[in-house]
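Everything below belongs to protein15.cif, which stores mmCIF, C-alpha atoms.
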```
data_my_file
#
loop_
_atom_site.label_atom_id
_atom_site.label_comp_id
_atom_site.auth_asym_id
_atom_site.auth_seq_id
_atom_site.Cartn_x
_atom_site.Cartn_y
_atom_site.Cartn_z
CA MET A 1 -6.25 -14.00 -19.35
CA SER A 2 -6.49 -13.57 -15.61
CA ARG A 3 -9.48 -11.60 -14.36
CA SER A 4 -7.11 -9.44 -12.33
CA HIS A 5 -4.76 -8.61 -15.24
CA HIS A 6 -5.47 -4.91 -14.87
CA ALA A 7 -4.49 -4.85 -11.20
CA ASP A 8 -1.45 -7.04 -11.92
CA LYS A 9 -0.29 -4.57 -14.57
CA ALA A 10 -0.72 -1.57 -12.26
CA THR A 11 0.87 -3.09 -9.17
CA GLY A 12 4.07 -1.28 -8.28
CA VAL A 13 3.70 1.04 -11.30
CA GLY A 14 0.41 2.83 -10.83
CA ASP A 15 -2.57 3.43 -13.05
CA PRO A 16 -2.46 5.35 -15.48
CA GLN A 17 1.37 5.09 -15.35
CA CYS A 18 1.14 1.44 -16.46
CA PHE A 19 -0.12 2.50 -19.90
CA LYS A 20 2.74 4.92 -20.55
CA GLY A 21 4.11 4.71 -24.08
CA GLU A 22 1.20 2.67 -25.46
CA ALA A 23 -0.75 5.41 -27.24
CA GLY A 24 1.81 6.74 -29.72
CA PRO A 25 2.27 10.46 -30.28
CA ALA A 26 -0.30 12.86 -28.83
CA LYS A 27 -2.51 14.42 -31.50
CA PHE A 28 -3.09 17.72 -29.69
CA LYS A 29 -0.80 20.13 -27.87
CA ALA A 30 -1.25 22.88 -25.30
CA GLY A 31 -3.05 25.89 -26.80
CA ASP A 32 -4.92 23.94 -29.50
CA ARG A 33 -8.54 24.98 -30.00
CA VAL A 34 -10.71 21.88 -30.05
CA ARG A 35 -14.38 20.99 -30.08
CA VAL A 36 -15.84 18.23 -27.91
CA LYS A 37 -17.58 15.70 -30.14
CA ASP A 38 -21.05 14.50 -29.32
CA LEU A 39 -20.46 10.79 -29.79
CA PRO A 40 -23.09 8.17 -28.99
CA ASP A 41 -22.66 6.62 -25.56
CA ILE A 42 -25.29 3.97 -25.14
CA PHE A 43 -23.51 2.04 -22.39
CA TYR A 44 -20.89 4.07 -20.57
CA THR A 45 -19.06 7.37 -20.85
CA ARG A 46 -17.23 9.91 -18.74
CA THR A 47 -17.79 12.83 -21.11
CA MET A 48 -20.35 15.11 -19.54
CA GLN A 49 -23.35 16.25 -21.58
CA TYR A 50 -22.77 19.86 -20.64
CA CYS A 51 -19.51 20.07 -22.59
CA ARG A 52 -20.63 18.32 -25.80
CA ASN A 53 -20.23 20.40 -28.96
CA VAL A 54 -18.49 23.19 -27.03
CA VAL A 55 -15.13 24.61 -28.13
CA CYS A 56 -12.31 24.68 -25.59
CA GLU A 57 -8.55 24.96 -25.31
CA VAL A 58 -6.10 22.15 -24.63
CA VAL A 59 -4.14 22.89 -21.43
CA ILE A 60 -1.91 19.82 -21.24
CA ALA A 61 -1.67 16.22 -22.39
CA THR A 62 -1.80 14.37 -19.06
CA HIS A 63 -1.40 10.63 -19.53
CA GLU A 64 -2.17 7.61 -21.68
CA SER A 65 -4.90 5.17 -20.77
CA PRO A 66 -7.67 3.14 -22.35
CA ALA A 67 -10.66 5.44 -22.79
CA ALA A 68 -13.22 5.07 -20.02
CA GLU A 69 -15.72 3.84 -22.62
CA ASP A 70 -13.42 0.89 -23.39
CA GLU A 71 -12.01 0.27 -19.95
CA ALA A 72 -15.51 -0.10 -18.53
CA TRP A 73 -15.67 -3.34 -20.55
CA ASP A 74 -12.15 -4.45 -19.66
CA ASN A 75 -10.89 -3.48 -23.11
CA CYS A 76 -7.32 -2.20 -22.72
CA ASP A 77 -6.25 -2.80 -26.35
CA ASN A 78 -6.19 0.80 -27.57
CA PRO A 79 -4.87 3.27 -25.00
CA GLU A 80 -5.13 6.91 -26.04
CA TRP A 81 -3.96 10.30 -24.80
CA PHE A 82 -5.96 12.26 -22.26
CA TYR A 83 -6.03 16.04 -22.11
CA ILE A 84 -7.00 18.64 -19.55
CA VAL A 85 -9.11 21.12 -21.49
CA ARG A 86 -10.34 24.56 -20.47
CA PHE A 87 -13.73 26.07 -21.27
CA LYS A 88 -14.90 29.63 -20.81
CA GLN A 89 -17.84 29.40 -18.46
CA GLN A 90 -19.81 31.68 -20.78
CA ASP A 91 -19.43 29.11 -23.57
CA LEU A 92 -20.96 26.40 -21.37
CA TRP A 93 -23.82 28.24 -19.70
CA PRO A 94 -25.89 30.76 -21.65
CA GLU A 95 -26.85 32.79 -18.58
CA TYR A 96 -23.32 33.13 -17.15
CA PRO A 97 -22.89 36.82 -16.30
CA ASP A 98 -20.73 39.14 -18.40
CA ALA A 99 -19.20 40.50 -15.20
CA TYR A 100 -17.40 37.18 -14.78
CA SER A 101 -16.51 36.51 -18.40
CA ASN A 102 -13.01 35.30 -17.42
CA ASP A 103 -14.32 32.46 -15.25
CA SER A 104 -13.37 29.04 -16.61
CA LEU A 105 -13.90 25.33 -16.14
CA GLN A 106 -11.41 22.56 -16.75
CA THR A 107 -12.01 18.88 -17.23
CA GLU A 108 -10.26 15.90 -18.75
CA LEU A 109 -11.20 14.15 -22.00
CA SER A 110 -9.66 11.42 -24.09
CA GLU A 111 -8.45 12.00 -27.62
CA ARG A 112 -11.42 10.38 -29.38
CA TRP A 113 -13.70 13.06 -27.99
CA LEU A 114 -11.78 16.02 -29.41
CA GLU A 115 -11.43 17.53 -32.89
CA LEU A 116 -9.49 20.58 -34.03
CA VAL A 117 -11.59 23.60 -34.98
CA MET B 1 -58.13 -11.10 14.59
CA ALA B 2 -54.82 -9.39 14.16
CA GLU B 3 -53.29 -7.92 17.26
CA LYS B 4 -53.46 -4.15 17.39
CA HIS B 5 -50.04 -2.77 16.62
CA ASN B 6 -48.59 -0.29 19.07
CA HIS B 7 -47.53 2.86 17.23
CA ASP B 8 -46.18 4.74 20.24
CA HIS B 9 -42.57 4.18 19.27
CA ALA B 10 -40.84 6.25 16.60
CA PRO B 11 -40.83 4.50 13.22
CA MET B 12 -37.55 2.80 12.39
CA VAL B 13 -36.61 3.23 8.74
CA GLU B 14 -33.85 1.08 7.35
CA GLU B 15 -33.21 2.36 3.87
CA ILE B 16 -30.62 0.95 1.55
CA SER B 17 -29.84 2.36 -1.87
CA ASP B 18 -29.40 0.43 -5.11
CA PHE B 19 -25.70 1.26 -5.02
CA GLU B 20 -25.31 -0.21 -1.55
CA VAL B 21 -27.04 -3.39 -2.72
CA LEU B 22 -24.67 -3.50 -5.69
CA GLU B 23 -21.62 -2.98 -3.47
CA ILE B 24 -22.67 -5.81 -1.17
CA ALA B 25 -23.34 -8.12 -4.12
CA VAL B 26 -19.96 -7.44 -5.75
CA ARG B 27 -18.11 -7.68 -2.43
CA GLU B 28 -19.72 -11.01 -1.54
CA LEU B 29 -19.00 -12.38 -5.01
CA CYS B 30 -15.33 -11.36 -4.69
CA ILE B 31 -15.10 -13.09 -1.33
CA GLU B 32 -16.84 -16.22 -2.64
CA LYS B 33 -14.49 -16.36 -5.62
CA GLY B 34 -11.49 -15.90 -3.38
CA LEU B 35 -10.24 -12.57 -4.80
CA PHE B 36 -9.92 -11.36 -1.22
CA THR B 37 -11.08 -12.49 2.18
CA ILE B 38 -13.54 -10.87 4.56
CA ASP B 39 -10.62 -9.91 6.76
CA ASP B 40 -8.78 -8.33 3.79
CA HIS B 41 -11.87 -6.25 3.12
CA ARG B 42 -12.12 -5.11 6.71
CA GLN B 43 -8.42 -4.23 6.64
CA PHE B 44 -8.77 -2.20 3.39
CA THR B 45 -11.75 -0.36 4.81
CA GLU B 46 -10.06 0.44 8.09
CA TYR B 47 -6.94 1.59 6.24
CA ALA B 48 -8.95 3.83 3.92
CA HIS B 49 -10.89 5.37 6.79
CA ASN B 50 -7.72 6.19 8.69
CA ILE B 51 -6.26 8.39 5.93
CA GLY B 52 -6.75 12.08 6.64
CA PRO B 53 -5.86 15.41 5.01
CA LEU B 54 -2.83 16.18 7.19
CA PRO B 55 -0.15 15.05 4.67
CA ALA B 56 -1.69 17.31 2.04
CA ALA B 57 -1.73 20.24 4.50
CA ARG B 58 1.97 19.70 5.15
CA LEU B 59 2.65 19.51 1.42
CA VAL B 60 1.05 22.94 0.96
CA ALA B 61 2.95 24.40 3.93
CA LYS B 62 6.23 23.03 2.55
CA ALA B 63 5.49 24.54 -0.84
CA TRP B 64 4.76 27.93 0.74
CA LEU B 65 8.17 27.88 2.40
CA ASP B 66 10.31 26.27 -0.28
CA PRO B 67 10.08 27.54 -3.89
CA GLU B 68 11.97 24.51 -5.20
CA PHE B 69 9.52 22.13 -3.55
CA LYS B 70 6.62 24.19 -4.85
CA LYS B 71 7.97 23.79 -8.37
CA LEU B 72 8.14 20.02 -7.90
CA ALA B 73 4.64 19.92 -6.41
CA LEU B 74 3.17 21.71 -9.41
CA GLU B 75 5.10 19.57 -11.90
CA ASP B 76 4.73 16.16 -10.29
CA GLY B 77 2.25 15.85 -7.44
CA VAL B 78 2.89 12.12 -7.02
CA LYS B 79 6.63 12.66 -6.54
CA ALA B 80 6.08 15.62 -4.20
CA SER B 81 3.71 13.50 -2.09
CA LEU B 82 6.64 11.23 -1.18
CA GLU B 83 8.12 14.15 0.79
CA VAL B 84 5.12 14.08 3.12
CA GLY B 85 5.07 10.31 3.45
CA ILE B 86 2.46 9.45 0.83
CA ASN B 87 3.41 6.92 -1.80
CA TRP B 88 0.59 6.89 -4.34
CA ILE B 89 2.01 3.92 -6.21
CA THR B 90 2.99 1.27 -3.69
CA SER B 91 1.30 2.11 -0.43
CA PRO B 92 -0.17 -0.77 1.49
CA PRO B 93 -2.50 -2.55 1.64
CA THR B 94 -3.21 -2.92 -2.08
CA ASP B 95 0.16 -1.96 -3.60
CA PHE B 96 -1.57 -0.34 -6.54
CA GLY B 97 -2.88 3.05 -5.65
CA THR B 98 -3.93 3.92 -2.15
CA PRO B 99 -6.57 2.56 -1.69
CA SER B 100 -7.23 1.35 -5.22
CA ASP B 101 -7.29 4.87 -6.58
CA TYR B 102 -5.68 6.27 -9.72
CA CYS B 103 -2.25 7.78 -9.26
CA ASP B 104 -2.01 11.04 -11.18
CA LEU B 105 -2.17 13.91 -8.69
CA ARG B 106 -2.34 17.43 -10.14
CA ILE B 107 -1.97 20.38 -7.78
CA LEU B 108 -3.80 23.55 -8.78
CA GLU B 109 -2.08 26.74 -7.67
CA ASP B 110 -4.31 29.64 -6.65
CA THR B 111 -2.96 33.06 -7.56
CA ALA B 112 -3.98 36.65 -6.86
CA THR B 113 -6.22 36.44 -9.94
CA THR B 114 -7.36 32.79 -10.09
CA LYS B 115 -9.26 30.73 -7.50
CA HIS B 116 -9.65 27.01 -8.10
CA VAL B 117 -12.40 24.75 -6.81
CA VAL B 118 -12.64 20.99 -7.29
CA VAL B 119 -15.68 18.83 -8.03
CA CYS B 120 -16.48 15.50 -9.62
CA THR B 121 -19.80 16.00 -11.41
CA LEU B 122 -19.93 12.33 -12.37
CA CYS B 123 -19.75 11.01 -8.82
CA SER B 124 -16.91 11.25 -6.31
CA CYS B 125 -13.34 11.32 -7.80
CA TYR B 126 -11.18 12.60 -4.97
CA PRO B 127 -7.44 12.46 -4.09
CA ARG B 128 -8.07 9.97 -1.31
CA PRO B 129 -4.48 8.82 -0.76
CA ILE B 130 -3.54 12.31 0.37
CA LEU B 131 -6.83 13.83 1.55
CA GLY B 132 -8.63 10.80 2.98
CA HIS B 133 -12.33 10.21 2.40
CA SER B 134 -14.34 12.98 0.77
CA PRO B 135 -16.84 14.90 2.88
CA GLU B 136 -20.47 13.91 2.43
CA TRP B 137 -21.43 17.21 0.76
CA TYR B 138 -18.75 16.71 -1.92
CA ARG B 139 -20.63 13.68 -3.19
CA THR B 140 -24.12 15.20 -3.14
CA PRO B 141 -25.87 15.92 -6.46
CA ASN B 142 -26.62 19.39 -5.08
CA TYR B 143 -22.95 20.41 -4.86
CA ARG B 144 -21.95 18.57 -8.02
CA ARG B 145 -24.53 20.08 -10.29
CA ARG B 146 -24.43 23.61 -8.89
CA ILE B 147 -20.71 24.28 -8.43
CA VAL B 148 -20.01 23.95 -12.17
CA ARG B 149 -22.75 26.31 -13.22
CA TRP B 150 -23.02 28.79 -10.34
CA PRO B 151 -19.56 28.54 -8.72
CA ARG B 152 -19.61 32.02 -7.18
CA GLU B 153 -23.00 31.50 -5.57
CA VAL B 154 -22.00 28.12 -4.15
CA LEU B 155 -18.66 29.46 -2.90
CA SER B 156 -20.49 32.26 -1.13
CA GLU B 157 -22.62 29.63 0.62
CA PHE B 158 -19.34 28.28 2.00
CA GLY B 159 -18.45 31.79 3.14
CA VAL B 160 -16.02 32.57 0.34
CA ILE B 161 -16.92 35.82 -1.37
CA LEU B 162 -14.32 36.59 -3.98
CA PRO B 163 -13.14 40.14 -4.58
CA GLU B 164 -13.34 41.72 -8.02
CA GLY B 165 -10.50 40.75 -10.27
CA VAL B 166 -10.38 37.15 -9.05
CA ASP B 167 -11.51 34.63 -11.65
CA VAL B 168 -13.00 31.29 -10.65
CA ARG B 169 -11.69 28.13 -12.28
CA VAL B 170 -13.74 24.99 -11.63
CA GLU B 171 -11.91 21.69 -12.03
CA ASP B 172 -14.32 18.89 -12.92
CA SER B 173 -12.36 15.77 -12.00
CA ASN B 174 -13.79 13.08 -14.27
CA GLN B 175 -11.02 10.70 -15.40
CA LYS B 176 -7.79 9.41 -13.88
CA CYS B 177 -6.26 12.69 -12.68
CA ARG B 178 -6.88 13.67 -9.08
CA PHE B 179 -6.84 17.31 -8.03
CA MET B 180 -6.16 19.37 -4.94
CA VAL B 181 -5.86 23.12 -4.56
CA MET B 182 -2.78 24.91 -3.29
CA PRO B 183 -4.32 28.03 -1.76
CA MET B 184 -2.42 31.32 -1.38
CA ARG B 185 -0.55 31.82 1.86
CA PRO B 186 -2.62 34.27 3.88
CA GLU B 187 -1.31 37.53 5.34
CA GLY B 188 -0.50 37.41 9.03
CA THR B 189 1.61 34.25 8.76
CA GLU B 190 4.98 35.91 8.20
CA GLY B 191 7.79 34.02 9.91
CA TRP B 192 5.61 30.98 10.67
CA SER B 193 7.15 27.52 10.78
CA GLU B 194 6.08 24.58 8.62
CA ASP B 195 4.18 23.08 11.56
CA GLN B 196 2.31 26.32 12.20
CA LEU B 197 1.40 26.72 8.54
CA THR B 198 0.24 23.10 8.31
CA GLU B 199 -2.34 23.83 11.04
CA ILE B 200 -4.22 26.41 8.96
CA VAL B 201 -4.42 24.42 5.70
CA THR B 202 -7.70 22.61 6.22
CA ARG B 203 -9.32 20.03 4.00
CA ASP B 204 -11.83 22.53 2.64
CA CYS B 205 -8.99 24.91 1.70
CA MET B 206 -7.54 22.15 -0.46
CA LEU B 207 -10.87 21.48 -2.15
CA GLY B 208 -11.11 25.19 -2.89
CA VAL B 209 -14.28 25.98 -0.93
CA ALA B 210 -12.44 27.81 1.86
CA LEU B 211 -9.46 30.13 2.24
CA PRO B 212 -6.77 29.63 4.86
CA HIS B 213 -6.82 32.15 7.71
CA PRO B 214 -4.22 32.54 10.47
CA ASP B 215 -6.91 32.19 13.15
CA ARG B 216 -8.57 29.05 11.77
CA LYS B 217 -6.70 25.89 12.62
CA HIS B 218 -7.86 22.39 11.84
CA ASN B 219 -6.96 21.31 15.37
CA ALA B 220 -8.61 24.25 17.14
CA LYS B 221 -10.76 23.53 20.18
CA ARG B 222 -14.44 23.38 19.24
CA PRO B 223 -16.84 25.36 21.45
CA ILE B 224 -18.90 23.25 23.83
CA HIS B 225 -22.53 24.28 24.15
CA LYS B 226 -24.25 23.01 27.26
CA ALA B 227 -27.61 21.34 26.82
CA ILE B 228 -30.58 23.61 27.45
CA ASN B 229 -32.60 20.78 28.98
CA PRO B 230 -30.00 18.38 30.32
CA VAL B 231 -31.01 14.83 31.10
CA HIS B 232 -31.37 14.49 34.88
CA GLY B 233 -28.15 13.45 36.52
CA HIS B 234 -25.99 14.06 33.45
#
```

Transcribe the structure of this file into C-alpha cells.
Amino acid sequence: MSRSHHADKATGVGDPQCFKGEAGPAKFKAGDRVRVKDLPDIFYTRTMQYCRNVVCEVVIATHESPAAEDEAWDNCDNPEWFYIVRFKQQDLWPEYPDAYSNDSLQTELSERWLELV
Amino acid sequence: MAEKHNHDHAPMVEEISDFEVLEIAVRELCIEKGLFTIDDHRQFTEYAHNIGPLPAARLVAKAWLDPEFKKLALEDGVKASLEVGINWITSPPTDFGTPSDYCDLRILEDTATTKHVVVCTLCSCYPRPILGHSPEWYRTPNYRRRIVRWPREVLSEFGVILPEGVDVRVEDSNQKCRFMVMPMRPEGTEGWSEDQLTEIVTRDCMLGVALPHPDRKHNAKRPIHKAINPVHGH
C-alpha cells in the first residue's frame, strides 16, 4: 500500500468526509447520557484526562473516522462515529462556582470512549 | 593561554525546541524521499501564511443579514464557506484540506444567553482555511489549560466581562471538527451593509474572546506613538 494512501483517499473529498458510510449505524443519539471511559492510552490518545469518568450529554453525531488512537499508527481499518458531547462545568471541576452552574464545556470523542449510563 | 573573551556584547541565544527539530527532520526526510520538493514546501508555507480571517468575517456578516444563509452556516459550515470563496475540500495547493487541515467546520452561534469560546487543549486545532494561522497566545499552555477551567476569569483578561444570565460554553476542539464563533450582532449597527459589518468582526470575535463593537474595526488606523528618545537624525 502506498505511504500516501490516506492523502490519496482524502483528495477531492476531504477528511473526515472520505470515511463517510464506513462505520455503520451510530450507537448514540442526541440527548443520550453517557460516561467517558478511562481506557488505557499508553501510546497516543486525544481524550483529555480531565473528562475521564465524567458523565455528559451527546449533542450530535458529527462524522465517521478512524479513532485518533488508531489513525496515529496509520490504521484506518475500523472507522467509528464521533460525537460532540457536553459537560456541565461543575461536573468537571470541583471548585466551579454555584453562581455559574449553567456553564458548560463541549468536546468531541469517538464511540469507543463512551458508554450509556 | 586562551584569549580573553569580550563580553561587552549582548548574549545571542539561539534556542530551538524539540518540536522544531522534529519538524525539520520530518520535512527533510520527505524532501529526500521525494514526497515533495523544497519549492513545494516553500509554496505551501507561503500559501498558509497568506490566509487571513477576512472570509470568516464576511461569512458572519452575511449570516447577520440573511437568515437563510445563517441557517446554512449553522448546518453546514463547509458549504457556507463556499459563499465567501473558501473551498475547504479542494483548495490549492494541496487539494485535500487547506492547508492539509481537516474539513469539518462547525459554527457556534452565540445567543443572548450563551457565549462560546474556542480552545484546543491538546495543542492547536484551528479553522485555518477560513481564519488563517492561529495567534501565538491561542497555542500557549497558559491559555489552553486555564480557559477550560476558569473561562470567565480568562475572558475578563481579554476585556470580556459577561453580564449575569449569560452562560459560558467552552468548545475544546480536539478531533477533526474545526470551530468558529458567530458572535451576536452588536447594537448600533442597524442599517449597516455587509462590507461595514465585515469590518467589525475581528479574528478574536470569532474565537470567542472578544465581542464585536461598532467602533472597533479590524482595519482601523493604529495610533502612532513617537519615540521618547529618538535616534539622532531619525

The PyMOL selection byres ((chain B) within 7 of (chain A)) applied to the shown file, residues as a VMD selection string: chain B and resid 89 to 90 95 to 97 102 to 103 149 167 to 176

Let me see the file: selected residues, C-alpha atoms, as an mmCIF file, keeping the file's coordinate frame.
```cif
data_model
loop_
_atom_site.group_PDB
_atom_site.id
_atom_site.type_symbol
_atom_site.label_atom_id
_atom_site.label_comp_id
_atom_site.auth_asym_id
_atom_site.auth_seq_id
_atom_site.Cartn_x
_atom_site.Cartn_y
_atom_site.Cartn_z
ATOM 1 C CA ILE B 89 2.010 3.920 -6.210
ATOM 2 C CA THR B 90 2.990 1.270 -3.690
ATOM 3 C CA ASP B 95 0.160 -1.960 -3.600
ATOM 4 C CA PHE B 96 -1.570 -0.340 -6.540
ATOM 5 C CA GLY B 97 -2.880 3.050 -5.650
ATOM 6 C CA TYR B 102 -5.680 6.270 -9.720
ATOM 7 C CA CYS B 103 -2.250 7.780 -9.260
ATOM 8 C CA ARG B 149 -22.750 26.310 -13.220
ATOM 9 C CA ASP B 167 -11.510 34.630 -11.650
ATOM 10 C CA VAL B 168 -13.000 31.290 -10.650
ATOM 11 C CA ARG B 169 -11.690 28.130 -12.280
ATOM 12 C CA VAL B 170 -13.740 24.990 -11.630
ATOM 13 C CA GLU B 171 -11.910 21.690 -12.030
ATOM 14 C CA ASP B 172 -14.320 18.890 -12.920
ATOM 15 C CA SER B 173 -12.360 15.770 -12.000
ATOM 16 C CA ASN B 174 -13.790 13.080 -14.270
ATOM 17 C CA GLN B 175 -11.020 10.700 -15.400
ATOM 18 C CA LYS B 176 -7.790 9.410 -13.880
#
```

Just checking: using only C-alpha atoms, which residue out of A:Val58, A:Ile42, A:Cys76, A:Ala30 ends up closest to A:His5?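 Selected residue with least distance to A:His5: A:Cys76.
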
Would you work out the distance separating atom CA of A:Phe19 from atom CA of A:Glu71, expressed in Å to one decimal?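 So the answer is 12.1 Å.
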
So that I can see what lies close to A:Asp38, please list as JSON, numbers by chain the residues with an atom at most 12 Å from it, counting all atoms listed in the file and leaving out residues fewer than 3 positions away in the same chain. {"A": [35, 41, 45, 47, 48, 49, 50, 51, 52, 53, 54, 55, 112, 113, 114, 115]}

Would you write out those residues with C-alpha atoms, as a PDB file, in the coordinates of the input?
```pdb
ATOM      1  CA  ARG A  35     -14.380  20.990 -30.080  1.00  0.00           C
ATOM      2  CA  ASP A  41     -22.660   6.620 -25.560  1.00  0.00           C
ATOM      3  CA  THR A  45     -19.060   7.370 -20.850  1.00  0.00           C
ATOM      4  CA  THR A  47     -17.790  12.830 -21.110  1.00  0.00           C
ATOM      5  CA  MET A  48     -20.350  15.110 -19.540  1.00  0.00           C
ATOM      6  CA  GLN A  49     -23.350  16.250 -21.580  1.00  0.00           C
ATOM      7  CA  TYR A  50     -22.770  19.860 -20.640  1.00  0.00           C
ATOM      8  CA  CYS A  51     -19.510  20.070 -22.590  1.00  0.00           C
ATOM      9  CA  ARG A  52     -20.630  18.320 -25.800  1.00  0.00           C
ATOM     10  CA  ASN A  53     -20.230  20.400 -28.960  1.00  0.00           C
ATOM     11  CA  VAL A  54     -18.490  23.190 -27.030  1.00  0.00           C
ATOM     12  CA  VAL A  55     -15.130  24.610 -28.130  1.00  0.00           C
ATOM     13  CA  ARG A 112     -11.420  10.380 -29.380  1.00  0.00           C
ATOM     14  CA  TRP A 113     -13.700  13.060 -27.990  1.00  0.00           C
ATOM     15  CA  LEU A 114     -11.780  16.020 -29.410  1.00  0.00           C
ATOM     16  CA  GLU A 115     -11.430  17.530 -32.890  1.00  0.00           C
TER      17      GLU A 115
END
```

Pick from A:Glu80, A:Asp91, A:Asp74, A:Asp98, whichever lies nearest to A:Lys20 using all atoms listed in the file: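 Looking only at the distances to A:Lys20, the closest residue turns out to be A:Glu80.
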
Calculate how many Å separate atom CA of A:Cys56 from atom CA of A:Arg33, rounding to one decimal. 5.8 Å

When the PyMOL selection byres ((chain B and resi 190-195) around 8) is applied to the file above, which residues end up in the set, as a list in words?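 Matching residues under the PyMOL selection byres ((chain B and resi 190-195) around 8) are Arg58, Ala61, Lys62, Leu65, Glu187, Gly188, Thr189, Gln196, Leu197, Thr198 and Glu199 of chain B.
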
Could you tell me which residues the PyMOL selection byres ((chain B and resi 132) around 12) returns for this structure, as a PyMOL selection string? chain B and resi 45-57+86+98-99+101+125-131+133-135+180+203+206

What's the 8 Å shell around A:Asn78, counting all atoms listed in the file, without same-chain residues fewer than 6 positions away, as a PyMOL selection string? chain A and resi 22-23+66

Would you save the residues from that selection as a short mmCIF file (atom, residue, chain, number, x, y, z; two decimals), keeping the file's coordinate frame, using C-alpha atoms?
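Output (result12.cif):
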```
data_model
loop_
_atom_site.label_atom_id
_atom_site.label_comp_id
_atom_site.auth_asym_id
_atom_site.auth_seq_id
_atom_site.Cartn_x
_atom_site.Cartn_y
_atom_site.Cartn_z
CA GLU A 22 1.20 2.67 -25.46
CA ALA A 23 -0.75 5.41 -27.24
CA PRO A 66 -7.67 3.14 -22.35
#
```

At most 10 Å from (-5.1, 32.3, -1.0), file frame, all atoms listed in the file: which residues, as an mmCIF file with C-alpha atoms, in the frame of the given file?
```cif
data_model
loop_
_atom_site.group_PDB
_atom_site.id
_atom_site.type_symbol
_atom_site.label_atom_id
_atom_site.label_comp_id
_atom_site.auth_asym_id
_atom_site.auth_seq_id
_atom_site.Cartn_x
_atom_site.Cartn_y
_atom_site.Cartn_z
ATOM 1 C CA GLU B 109 -2.080 26.740 -7.670
ATOM 2 C CA ASP B 110 -4.310 29.640 -6.650
ATOM 3 C CA THR B 111 -2.960 33.060 -7.560
ATOM 4 C CA ALA B 112 -3.980 36.650 -6.860
ATOM 5 C CA THR B 113 -6.220 36.440 -9.940
ATOM 6 C CA THR B 114 -7.360 32.790 -10.090
ATOM 7 C CA LYS B 115 -9.260 30.730 -7.500
ATOM 8 C CA HIS B 116 -9.650 27.010 -8.100
ATOM 9 C CA VAL B 181 -5.860 23.120 -4.560
ATOM 10 C CA MET B 182 -2.780 24.910 -3.290
ATOM 11 C CA PRO B 183 -4.320 28.030 -1.760
ATOM 12 C CA MET B 184 -2.420 31.320 -1.380
ATOM 13 C CA ARG B 185 -0.550 31.820 1.860
ATOM 14 C CA PRO B 186 -2.620 34.270 3.880
ATOM 15 C CA GLU B 187 -1.310 37.530 5.340
ATOM 16 C CA CYS B 205 -8.990 24.910 1.700
ATOM 17 C CA GLY B 208 -11.110 25.190 -2.890
ATOM 18 C CA ALA B 210 -12.440 27.810 1.860
ATOM 19 C CA LEU B 211 -9.460 30.130 2.240
ATOM 20 C CA PRO B 212 -6.770 29.630 4.860
ATOM 21 C CA HIS B 213 -6.820 32.150 7.710
#
```

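Atom CA of B:Val60 is found 19.4 Å from atom CA of B:Val119.
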
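Of the residues under consideration (A:Pro97, A:Pro40, A:Gly21, A:Gly31), A:Gly31 shows the shortest atom-to-atom contact distance to A:Val59 when counting all atoms listed in the file.
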
Which residues are close to B:His218, i.e. within 8 Å by all atoms listed in the file, leaving aside same-chain residues fewer than 6 positions away? Reply as a list in words. Glu199, Ile200, Val201 and Thr202 of chain B

Nearest to A:Lys27: which of A:Asn75, A:Asp70, A:Val117, A:Trp81 is it, counting all atoms listed in the file? A:Trp81
